[in-house]
$ cat input.txt   # compact mmCIF, C-alpha atoms
# COMPACT_ATOMS: atom_id res chain seq x y z
CA MET A 19 -18.78 -4.77 -1.61
CA THR A 20 -19.58 -8.06 -3.33
CA THR A 21 -20.48 -11.21 -1.51
CA ALA A 22 -20.25 -14.95 -1.86
CA PRO A 23 -21.20 -17.95 0.23
CA PRO A 24 -18.47 -19.61 2.25
CA GLY A 25 -15.83 -20.86 -0.15
CA PRO A 26 -12.57 -22.73 0.03
CA GLY A 27 -10.22 -21.78 2.81
CA SER A 28 -7.67 -19.07 2.22
CA PRO A 29 -4.03 -19.91 1.55
CA THR A 30 -2.36 -21.17 4.68
CA ALA A 31 0.75 -18.99 4.50
CA THR A 32 -0.25 -15.92 6.46
CA VAL A 33 1.60 -13.28 8.40
CA SER A 34 0.40 -11.40 11.41
CA SER A 35 -0.86 -7.95 10.55
CA ASP A 36 1.69 -5.19 10.92
CA ALA A 37 -1.19 -3.48 12.67
CA ALA A 38 -0.18 -5.51 15.70
CA ALA A 39 2.52 -2.89 16.13
CA ALA A 40 0.38 -0.01 14.88
CA PRO A 41 -0.41 3.08 16.97
CA GLY A 42 -2.80 2.30 19.79
CA ALA A 43 -2.98 -1.43 19.11
CA ASP A 44 -3.74 -2.84 22.51
CA GLY A 45 -4.31 -6.46 21.56
CA GLY A 46 -6.94 -6.53 24.31
CA ALA A 47 -6.59 -9.31 26.82
CA GLU A 48 -10.34 -9.79 26.62
CA GLU A 49 -10.23 -10.41 22.87
CA ARG A 50 -10.66 -13.88 21.42
CA PRO A 51 -9.62 -15.06 17.93
CA VAL A 52 -12.45 -14.52 15.46
CA GLY A 53 -10.93 -16.34 12.47
CA LEU A 54 -10.63 -13.23 10.29
CA GLU A 55 -8.09 -12.98 7.51
CA VAL A 56 -7.66 -9.94 5.28
CA VAL A 57 -5.88 -10.47 1.96
CA GLU A 58 -4.75 -7.20 0.42
CA PHE A 59 -3.95 -7.26 -3.30
CA THR A 60 -1.69 -4.29 -3.82
CA ASP A 61 1.41 -2.89 -5.49
CA PRO A 62 3.99 -0.35 -4.26
CA LEU A 63 3.67 1.60 -7.52
CA CYS A 64 -0.13 1.63 -7.87
CA PRO A 65 -1.65 5.15 -7.65
CA TRP A 66 -4.99 3.82 -6.39
CA ALA A 67 -3.22 1.85 -3.65
CA TRP A 68 -1.28 4.98 -2.71
CA GLY A 69 -4.51 6.98 -2.55
CA SER A 70 -6.17 4.26 -0.45
CA ASP A 71 -3.26 4.01 1.97
CA PRO A 72 -4.73 6.31 4.66
CA LYS A 73 -7.94 4.26 4.82
CA LEU A 74 -6.07 0.97 4.84
CA ARG A 75 -3.65 2.11 7.54
CA ARG A 76 -6.66 3.13 9.62
CA LEU A 77 -8.32 -0.22 8.94
CA ARG A 78 -5.20 -2.12 10.06
CA ASP A 79 -5.20 -0.06 13.22
CA LEU A 80 -8.85 -0.87 13.97
CA LEU A 81 -8.28 -4.58 13.30
CA ALA A 82 -5.05 -4.75 15.26
CA GLY A 83 -4.85 -8.01 17.18
CA ARG A 84 -8.11 -9.21 15.65
CA ALA A 85 -7.10 -10.31 12.15
CA HIS A 86 -4.30 -11.76 10.07
CA TRP A 87 -3.40 -9.33 7.31
CA ARG A 88 -1.66 -10.77 4.28
CA PRO A 89 -0.41 -8.54 1.47
CA VAL A 90 -0.27 -10.01 -2.02
CA TYR A 91 1.80 -8.07 -4.53
CA GLY A 92 -0.03 -8.02 -7.85
CA MET A 93 2.69 -6.78 -10.25
CA LEU A 94 0.90 -3.80 -11.76
CA PHE A 95 3.91 -3.24 -14.00
CA ASP A 96 4.87 -6.66 -15.31
CA GLU A 97 7.65 -7.09 -17.83
CA GLU A 98 6.20 -10.49 -18.74
CA GLU A 99 2.95 -8.86 -19.91
CA ASP A 100 3.87 -5.30 -20.90
CA ASP A 101 5.60 -4.43 -24.15
CA PRO A 102 8.11 -1.56 -24.09
CA ALA A 103 6.58 1.78 -25.06
CA PRO A 104 7.49 2.88 -28.59
CA ASP A 105 7.72 6.48 -27.36
CA PRO A 106 8.76 6.56 -23.67
CA ALA A 107 8.45 10.35 -23.42
CA ALA A 108 4.89 10.31 -24.73
CA GLU A 109 3.99 7.43 -22.44
CA THR A 110 5.43 9.30 -19.46
CA ALA A 111 3.44 12.43 -20.29
CA TRP A 112 0.23 10.42 -20.65
CA TYR A 113 0.79 8.46 -17.45
CA ALA A 114 1.59 11.61 -15.46
CA GLY A 115 -1.82 12.99 -16.46
CA TYR A 116 -3.48 9.68 -15.58
CA VAL A 117 -1.97 9.71 -12.09
CA ALA A 118 -2.95 13.37 -11.63
CA ASP A 119 -6.56 12.48 -12.49
CA ILE A 120 -6.51 9.70 -9.88
CA SER A 121 -5.10 12.12 -7.32
CA ARG A 122 -8.03 14.45 -7.91
CA HIS A 123 -10.30 11.60 -6.76
CA THR A 124 -8.17 10.36 -3.87
CA GLY A 125 -6.62 13.58 -2.64
CA ALA A 126 -3.21 11.90 -2.52
CA PRO A 127 -0.01 13.68 -3.53
CA HIS A 128 1.33 13.17 -7.01
CA ALA A 129 4.67 14.18 -8.43
CA ALA A 130 4.94 17.64 -9.95
CA ARG A 131 7.04 16.00 -12.64
CA LEU A 132 7.18 12.29 -13.44
CA GLY A 133 10.62 11.15 -14.54
CA TRP A 134 9.60 7.87 -16.16
CA VAL A 135 6.95 5.17 -16.20
CA ALA A 136 7.94 2.14 -14.16
CA ALA A 137 9.16 -0.78 -16.23
CA SER A 138 8.52 -3.33 -13.49
CA SER A 139 6.90 -3.57 -10.06
CA ARG A 140 9.05 -6.55 -9.15
CA PRO A 141 12.05 -4.79 -7.51
CA ALA A 142 9.88 -2.59 -5.26
CA SER A 143 7.63 -5.52 -4.36
CA LEU A 144 10.66 -7.67 -3.58
CA ALA A 145 12.04 -4.93 -1.31
CA ALA A 146 8.70 -4.68 0.50
CA VAL A 147 8.71 -8.43 1.13
CA ALA A 148 12.39 -8.56 2.10
CA ALA A 149 12.04 -5.67 4.55
CA VAL A 150 9.65 -7.72 6.71
CA ARG A 151 12.71 -9.57 8.00
CA GLN A 152 13.82 -6.31 9.64
CA GLY A 153 10.57 -5.94 11.56
CA PRO A 154 7.09 -4.55 10.89
CA SER A 155 8.01 -0.92 11.54
CA VAL A 156 10.89 -1.00 9.09
CA ALA A 157 8.79 -2.87 6.54
CA ALA A 158 6.02 -0.26 6.77
CA ALA A 159 8.56 2.54 6.37
CA VAL A 160 10.13 0.84 3.34
CA LEU A 161 6.79 0.50 1.56
CA ARG A 162 5.88 4.07 2.44
CA ARG A 163 9.19 5.44 1.14
CA LEU A 164 8.89 3.47 -2.11
CA ARG A 165 5.46 4.99 -2.68
CA GLU A 166 6.72 8.46 -1.84
CA SER A 167 9.53 7.98 -4.35
CA ALA A 168 7.00 7.25 -7.08
CA PHE A 169 4.22 9.69 -6.15
CA VAL A 170 6.06 12.61 -4.53
CA LEU A 171 9.46 12.56 -6.22
CA GLY A 172 8.27 11.13 -9.55
CA GLU A 173 11.05 8.52 -9.51
CA PRO A 174 9.43 5.06 -9.38
CA ALA A 175 11.84 2.46 -8.04
CA ASP A 176 11.66 -0.09 -10.85
CA THR A 177 15.18 -1.53 -10.61
CA PRO A 178 17.18 -2.83 -7.64
CA GLN A 179 19.49 0.18 -7.79
CA ARG A 180 16.58 2.61 -7.85
CA VAL A 181 15.07 0.81 -4.88
CA LEU A 182 18.26 1.30 -2.87
CA THR A 183 18.44 4.93 -3.95
CA ALA A 184 14.86 5.54 -2.85
CA LEU A 185 15.57 3.95 0.54
CA HIS A 186 18.82 5.80 1.12
CA GLY A 187 18.96 7.18 4.66
CA LEU A 188 15.78 5.49 5.86
CA PRO A 189 15.98 5.34 9.68
CA GLY A 190 16.26 1.82 11.08
CA LEU A 191 16.88 0.14 7.74
CA GLU A 192 19.97 -2.02 7.22
CA PRO A 193 20.45 -1.54 3.47
CA ASP A 194 23.15 -4.19 3.10
CA LEU A 195 20.88 -6.78 4.70
CA LEU A 196 18.00 -5.70 2.46
CA ARG A 197 20.23 -6.01 -0.62
CA ILE A 198 21.14 -9.57 0.37
CA ASP A 199 17.56 -10.53 1.20
CA MET A 200 16.35 -9.21 -2.15
CA THR A 201 18.35 -12.00 -3.80
CA ASP A 202 16.80 -14.74 -1.63
CA ARG A 203 15.22 -17.36 -3.88
CA ARG A 204 12.51 -18.05 -1.32
CA LEU A 205 11.34 -14.45 -1.46
CA MET A 206 11.46 -14.49 -5.23
CA ALA A 207 9.29 -17.62 -5.15
CA ARG A 208 6.91 -15.81 -2.81
CA LEU A 209 6.52 -13.03 -5.37
CA THR A 210 5.91 -15.57 -8.12
CA ALA A 211 3.14 -17.07 -5.99
CA ASP A 212 1.73 -13.59 -5.30
CA ARG A 213 1.62 -12.81 -8.99
CA ALA A 214 -0.24 -16.04 -9.73
CA GLU A 215 -2.71 -15.47 -6.88
CA ALA A 216 -3.43 -11.95 -8.10
CA ARG A 217 -4.22 -13.41 -11.53
CA ALA A 218 -6.86 -15.78 -10.19
CA PRO A 219 -9.55 -13.32 -9.06
CA VAL A 220 -12.73 -14.54 -7.42
CA SER A 221 -15.88 -14.65 -9.52
CA GLU A 222 -17.44 -11.62 -7.81
CA VAL A 223 -15.04 -9.20 -9.49
CA ARG A 224 -15.02 -10.73 -12.97
CA GLY A 225 -17.16 -8.52 -15.17
CA LEU A 226 -18.12 -6.38 -12.17
CA ARG A 227 -19.99 -3.20 -13.04
CA GLY A 228 -20.27 -0.29 -10.66
CA SER A 229 -20.31 3.44 -10.31
CA GLY A 230 -17.44 5.68 -9.38
CA PRO A 231 -13.98 6.22 -10.82
CA HIS A 232 -12.58 2.82 -9.84
CA PRO A 233 -15.28 0.22 -9.04
CA GLY A 234 -12.70 -2.58 -9.01
CA ALA A 235 -13.60 -4.99 -11.80
CA ALA A 236 -10.87 -7.49 -12.63
CA LYS A 237 -8.39 -6.11 -15.18
CA GLU A 238 -7.04 -7.74 -18.30
CA ALA A 239 -3.53 -9.07 -17.74
CA GLY A 240 -1.71 -11.01 -20.41
CA ASP A 241 -3.97 -13.81 -21.57
CA GLY A 242 -6.13 -13.63 -18.46
CA CYS A 243 -7.07 -11.14 -15.78
CA ARG A 244 -5.98 -9.98 -12.35
CA TYR A 245 -7.50 -8.20 -9.39
CA ALA A 246 -7.86 -4.46 -9.66
CA LEU A 247 -5.61 -2.77 -7.14
CA PRO A 248 -6.22 -2.40 -4.34
CA THR A 249 -8.69 -5.19 -3.62
CA LEU A 250 -9.33 -6.56 -0.14
CA LEU A 251 -10.61 -10.09 0.38
CA PHE A 252 -12.14 -10.77 3.80
CA LEU A 253 -12.28 -14.42 4.87
CA GLY A 254 -13.96 -15.59 8.04
CA PRO A 255 -16.29 -18.10 9.69
CA ALA A 256 -19.33 -16.61 7.92
CA GLY A 257 -17.88 -16.69 4.43
CA ARG A 258 -16.13 -14.36 2.04
CA ARG A 259 -16.52 -10.72 1.06
CA VAL A 260 -14.51 -8.87 -1.54
CA VAL A 261 -14.12 -5.10 -1.54
CA PRO A 262 -12.38 -4.03 -4.76
CA GLY A 263 -11.20 -0.70 -6.06
CA TRP A 264 -11.77 2.72 -4.50
CA ARG A 265 -14.08 2.24 -1.50
CA PRO A 266 -14.87 4.05 1.76
CA LEU A 267 -13.49 2.82 5.06
CA GLU A 268 -17.00 1.93 6.21
CA GLU A 269 -17.34 -0.62 3.44
CA TYR A 270 -14.19 -2.42 4.54
CA LEU A 271 -15.45 -2.49 8.13
CA ALA A 272 -18.85 -3.83 7.04
CA ALA A 273 -17.14 -6.64 5.14
CA ALA A 274 -15.02 -7.58 8.15
CA ARG A 275 -18.09 -7.72 10.39
CA ALA A 276 -20.06 -9.73 7.83
CA VAL A 277 -17.55 -12.58 7.68
CA ALA A 278 -16.58 -12.47 11.36
CA PRO A 279 -19.78 -11.69 13.31
CA ARG A 280 -17.96 -11.98 16.64
CA LEU A 281 -15.51 -9.26 15.65
CA ARG A 282 -15.11 -6.37 18.03
CA LEU A 283 -13.03 -3.51 16.71
CA ARG A 284 -10.34 -1.94 18.81
CA ALA A 285 -11.86 0.90 20.81
CA ASP A 286 -10.94 4.18 19.14
CA GLY A 287 -10.10 6.10 22.28
CA ALA A 288 -8.69 9.57 21.78
CA LEU A 289 -6.99 10.22 18.47
CA PRO A 290 -3.50 11.70 18.77
CA ASP A 291 -2.67 15.25 17.81
CA ALA A 292 -0.82 15.82 14.56
CA ASP A 293 2.66 15.78 16.07
CA GLN A 294 1.95 12.55 17.93
CA ALA A 295 0.60 11.03 14.71
CA LEU A 296 3.74 12.13 12.89
CA GLU A 297 5.87 10.45 15.56
CA LEU A 298 3.98 7.22 14.93
CA HIS A 299 3.69 7.28 11.14
CA LEU A 300 6.83 9.28 10.12
CA SER A 301 5.08 11.00 7.23
CA LEU A 302 1.57 12.35 6.77
CA THR A 303 -0.51 13.45 3.80
CA ARG A 304 -3.58 15.65 4.08
CA ALA A 305 -5.77 12.55 4.11
CA ASP A 306 -3.64 11.05 6.88
CA VAL A 307 -4.08 14.19 8.96
CA GLU A 308 -7.85 14.01 8.52
CA LEU A 309 -8.05 10.33 9.51
CA PHE A 310 -5.36 9.98 12.16
CA THR A 311 -5.51 13.21 14.18
CA ALA A 312 -7.89 14.77 16.66
CA ASP A 313 -7.58 18.38 15.48
CA ARG A 314 -6.99 17.70 11.76
CA ARG A 315 -4.28 20.33 11.67
CA PRO A 316 -0.83 19.95 10.08
CA PRO A 317 1.92 18.88 12.47
CA ALA A 318 3.86 21.81 13.88
CA ARG A 319 7.10 19.78 13.86
CA GLY A 320 6.65 18.39 10.37
CA ILE A 321 9.01 19.20 7.53
CA ARG A 322 6.78 20.18 4.63
CA VAL A 323 7.46 18.78 1.16
CA GLU A 324 5.38 20.02 -1.75
CA SER A 325 3.95 17.79 -4.46
CA GLY A 326 1.76 18.33 -7.49
CA ASN A 327 -1.30 17.85 -5.26
CA GLY A 328 -0.71 19.17 -1.79
CA PRO A 329 1.96 18.67 0.83
CA LEU A 330 3.57 15.77 2.61
CA TRP A 331 4.78 16.35 6.18
CA LEU A 332 7.88 14.45 7.29
CA HIS A 333 9.08 13.68 10.79
CA PRO A 334 12.41 15.52 11.29
CA ALA A 335 14.36 12.27 11.78
CA TYR A 336 12.69 10.73 8.73
CA ALA A 337 13.31 13.90 6.73
CA ALA A 338 17.03 13.94 7.57
CA GLY A 339 17.74 11.18 5.05
CA HIS A 340 14.75 11.65 2.76
CA PRO A 341 15.61 11.85 -0.95
CA ALA A 342 13.24 14.80 -1.37
CA LEU A 343 15.46 16.91 0.87
CA THR A 344 18.96 15.52 0.43
CA ALA A 345 21.52 15.14 -2.29
CA ARG A 346 21.40 11.48 -3.18
CA PRO A 347 23.02 8.98 -5.51
CA ALA A 348 21.76 9.09 -9.07
CA ALA A 349 18.78 6.82 -9.61
CA GLY A 350 20.52 4.73 -12.21
CA ARG A 351 19.08 1.61 -13.71
$ encode --input "input.txt" --output "structure tokens"
Amino acid sequence: MTTAPPGPGSPTATVSSDAAAAPGADGGAEERPVGLEVVEFTDPLCPWAWGSDPKLRRLRDLLAGRAHWRPVYGMLFDEEEDDPAPDPAAETAWYAGYVADISRHTGAPHAARLGWVAASSRPASLAAVAAVRQGPSVAAAVLRRLRESAFVLGEPADTPQRVLTALHGLPGLEPDLLRIDMTDRRLMARLTADRAEARAPVSEVRGLRGSGPHPGAAKEAGDGCRYALPTLLFLGPAGRRVVPGWRPLEEYLAAARAVAPRLRLRADGALPDADQALELHLSLTRADVELFTADRRPPARGIRVESGNGPLWLHPAYAAGHPALTARPAAGR
């Protein structure tokens, strides 16, 4: 975690955390606003963000009703900055090994076979933003399914058609409405603003040196740099803390407390069993089971899907339309 004295206020356009509807979020009538905002720089197709997802879902749960959580989509794959690969097959083989190496650190699933390297993060990011209009539960499921498409199926959704293919059969989603919303100029402008914000990293992460596989120093991007993904920026009455890269849950919590000294986390209470957790989250990885369940055992009702690095358990209703288990439209460009 890197620190800075109180700086300029965060951007004013914030959304309430989807943790407000997360499992066990009680809101707490005794709670008072503590002025905490969490800005998450992320990308639906980032393997480090996928590996960090269990910790960040747990963090959103613990901060439910106590913080505003604002995702910023950083465009990991950016057609404005990335030149086409001269040998797509070789690039795909290299990138598959790169993701597998990351999975060895994070424990997250990776695809047994990667079909292609994403050409652009924009369509998946646009779908994640557009899905918010259908409610926080649907939006969370959309982002989850897009990540599963990339890191379980090996079919990153890098075009509008591939996005719709990945989301085929998702319970609760109105695909026609999503298709329309993905053409909304206001949402496109939001993504443009996100991209610019991600390419203006705070000084603490510029030239950052640290140990570990992903310490989170700002990355080169075009003629400048951007935040490493994921990076969390905590803004509160006592200043600013930035937690970049691959970090433990405890470091995120320490940053939240540092900038919002009056923060009281939601009481943990009893963790659910695996089947209850599956009912709440729809799909679980091994890391999810370890963080979200009392007995840390696989869900008895879960439909098991294998990956190149361990299983994913799907809720039966979620599995019924899941592309991993159903014949689906071709993922055309």
$ closest_atom_pairs --input "input.txt" --of "stretch 133-238 of chain A" --to "stretch 111-114 of chain A" --cutoff "12 Å" --atoms "only C-alpha atoms" --output "JSON lines"
{"residue": "A:Gly133", "atom": "CA", "partner": "A:Ala114", "partner_atom": "CA", "distance": 9.1}
{"residue": "A:Trp134", "atom": "CA", "partner": "A:Ala111", "partner_atom": "CA", "distance": 8.7}
{"residue": "A:Val135", "atom": "CA", "partner": "A:Tyr113", "partner_atom": "CA", "distance": 7.1}
{"residue": "A:Ala136", "atom": "CA", "partner": "A:Tyr113", "partner_atom": "CA", "distance": 10.1}
{"residue": "A:Ala168", "atom": "CA", "partner": "A:Ala114", "partner_atom": "CA", "distance": 10.9}
{"residue": "A:Phe169", "atom": "CA", "partner": "A:Ala114", "partner_atom": "CA", "distance": 9.9}
{"residue": "A:Val170", "atom": "CA", "partner": "A:Ala114", "partner_atom": "CA", "distance": 11.9}
{"residue": "A:Gly172", "atom": "CA", "partner": "A:Ala114", "partner_atom": "CA", "distance": 8.9}
{"residue": "A:Glu173", "atom": "CA", "partner": "A:Ala114", "partner_atom": "CA", "distance": 11.6}
{"residue": "A:Pro174", "atom": "CA", "partner": "A:Ala114", "partner_atom": "CA", "distance": 11.9}
$ residues_around --input "input.txt" --residues "A:Ala148" --least-positions-apart "6" --cutoff "10 Å" --atoms "all atoms listed in the file" --output "tab-separated table (two decimals) with C-alpha atoms, keeping the file's coordinate frame"
chain	number	residue	atom	x	y	z
A	142	ALA	CA	9.88	-2.59	-5.26
A	157	ALA	CA	8.79	-2.87	6.54
A	160	VAL	CA	10.13	0.84	3.34
A	195	LEU	CA	20.88	-6.78	4.70
A	196	LEU	CA	18.00	-5.70	2.46
A	197	ARG	CA	20.23	-6.01	-0.62
A	198	ILE	CA	21.14	-9.57	0.37
A	199	ASP	CA	17.56	-10.53	1.20
A	200	MET	CA	16.35	-9.21	-2.15
A	201	THR	CA	18.35	-12.00	-3.80
A	202	ASP	CA	16.80	-14.74	-1.63
A	205	LEU	CA	11.34	-14.45	-1.46
A	206	MET	CA	11.46	-14.49	-5.23
$ closest_residue --input "input.txt" --among "A:Trp68, A:Glu308, A:Leu188, A:Gly257" --to "A:His123" --atoms "all atoms listed in the file"
A:Trp68
$ atom_distance --input "input.txt" --atom1 "atom CA of A:Arg275" --atom2 "atom CA of A:Val56"
11.8 Å
$ atom_distance --input "input.txt" --atom1 "atom CA of A:Ser155" --atom2 "atom CA of A:Pro189"
10.3 Å
$ residues_around --input "input.txt" --residues "stretch 293-296 of chain A" --least-positions-apart "5" --cutoff "6 Å" --atoms "all atoms listed in the file" --output "PyMOL selection string"
chain A and resi 301+317+333
$ residues_near_point --input "input.txt" --point "(7.0, 3.1, 1.3)" --cutoff "12 Å" --atoms "only C-alpha atoms" --output "MDAnalysis selection string"
chainID A and resid 61:64 67:68 71 142:143 145:147 149 155:170 174:175 181 184:185 188 299:301 340
$ residues_around --input "input.txt" --residues "stretch 279-283 of chain A" --least-positions-apart "5" --cutoff "7 Å" --atoms "all atoms listed in the file" --output "list in words"
Val52, Leu80 and Leu81 of chain A
$ atom_distance --input "input.txt" --atom1 "atom CA of A:Arg78" --atom2 "atom CA of A:Leu253"
15.1 Å
$ closest_residue --input "input.txt" --among "A:Ser139, A:Thr210, A:Ser70, A:Thr110" --to "A:Met93" --atoms "all atoms listed in the file"
A:Ser139
$ axis_aligned_box --input "input.txt" --around "stretch 128-139 of chain A" --padding-each-side "6 Å" --output "AutoDock Vina command-line options"
--center_x 6.0 --center_y 7.0 --center_z -11.6 --size_x 21.3 --size_y 33.2 --size_z 21.2
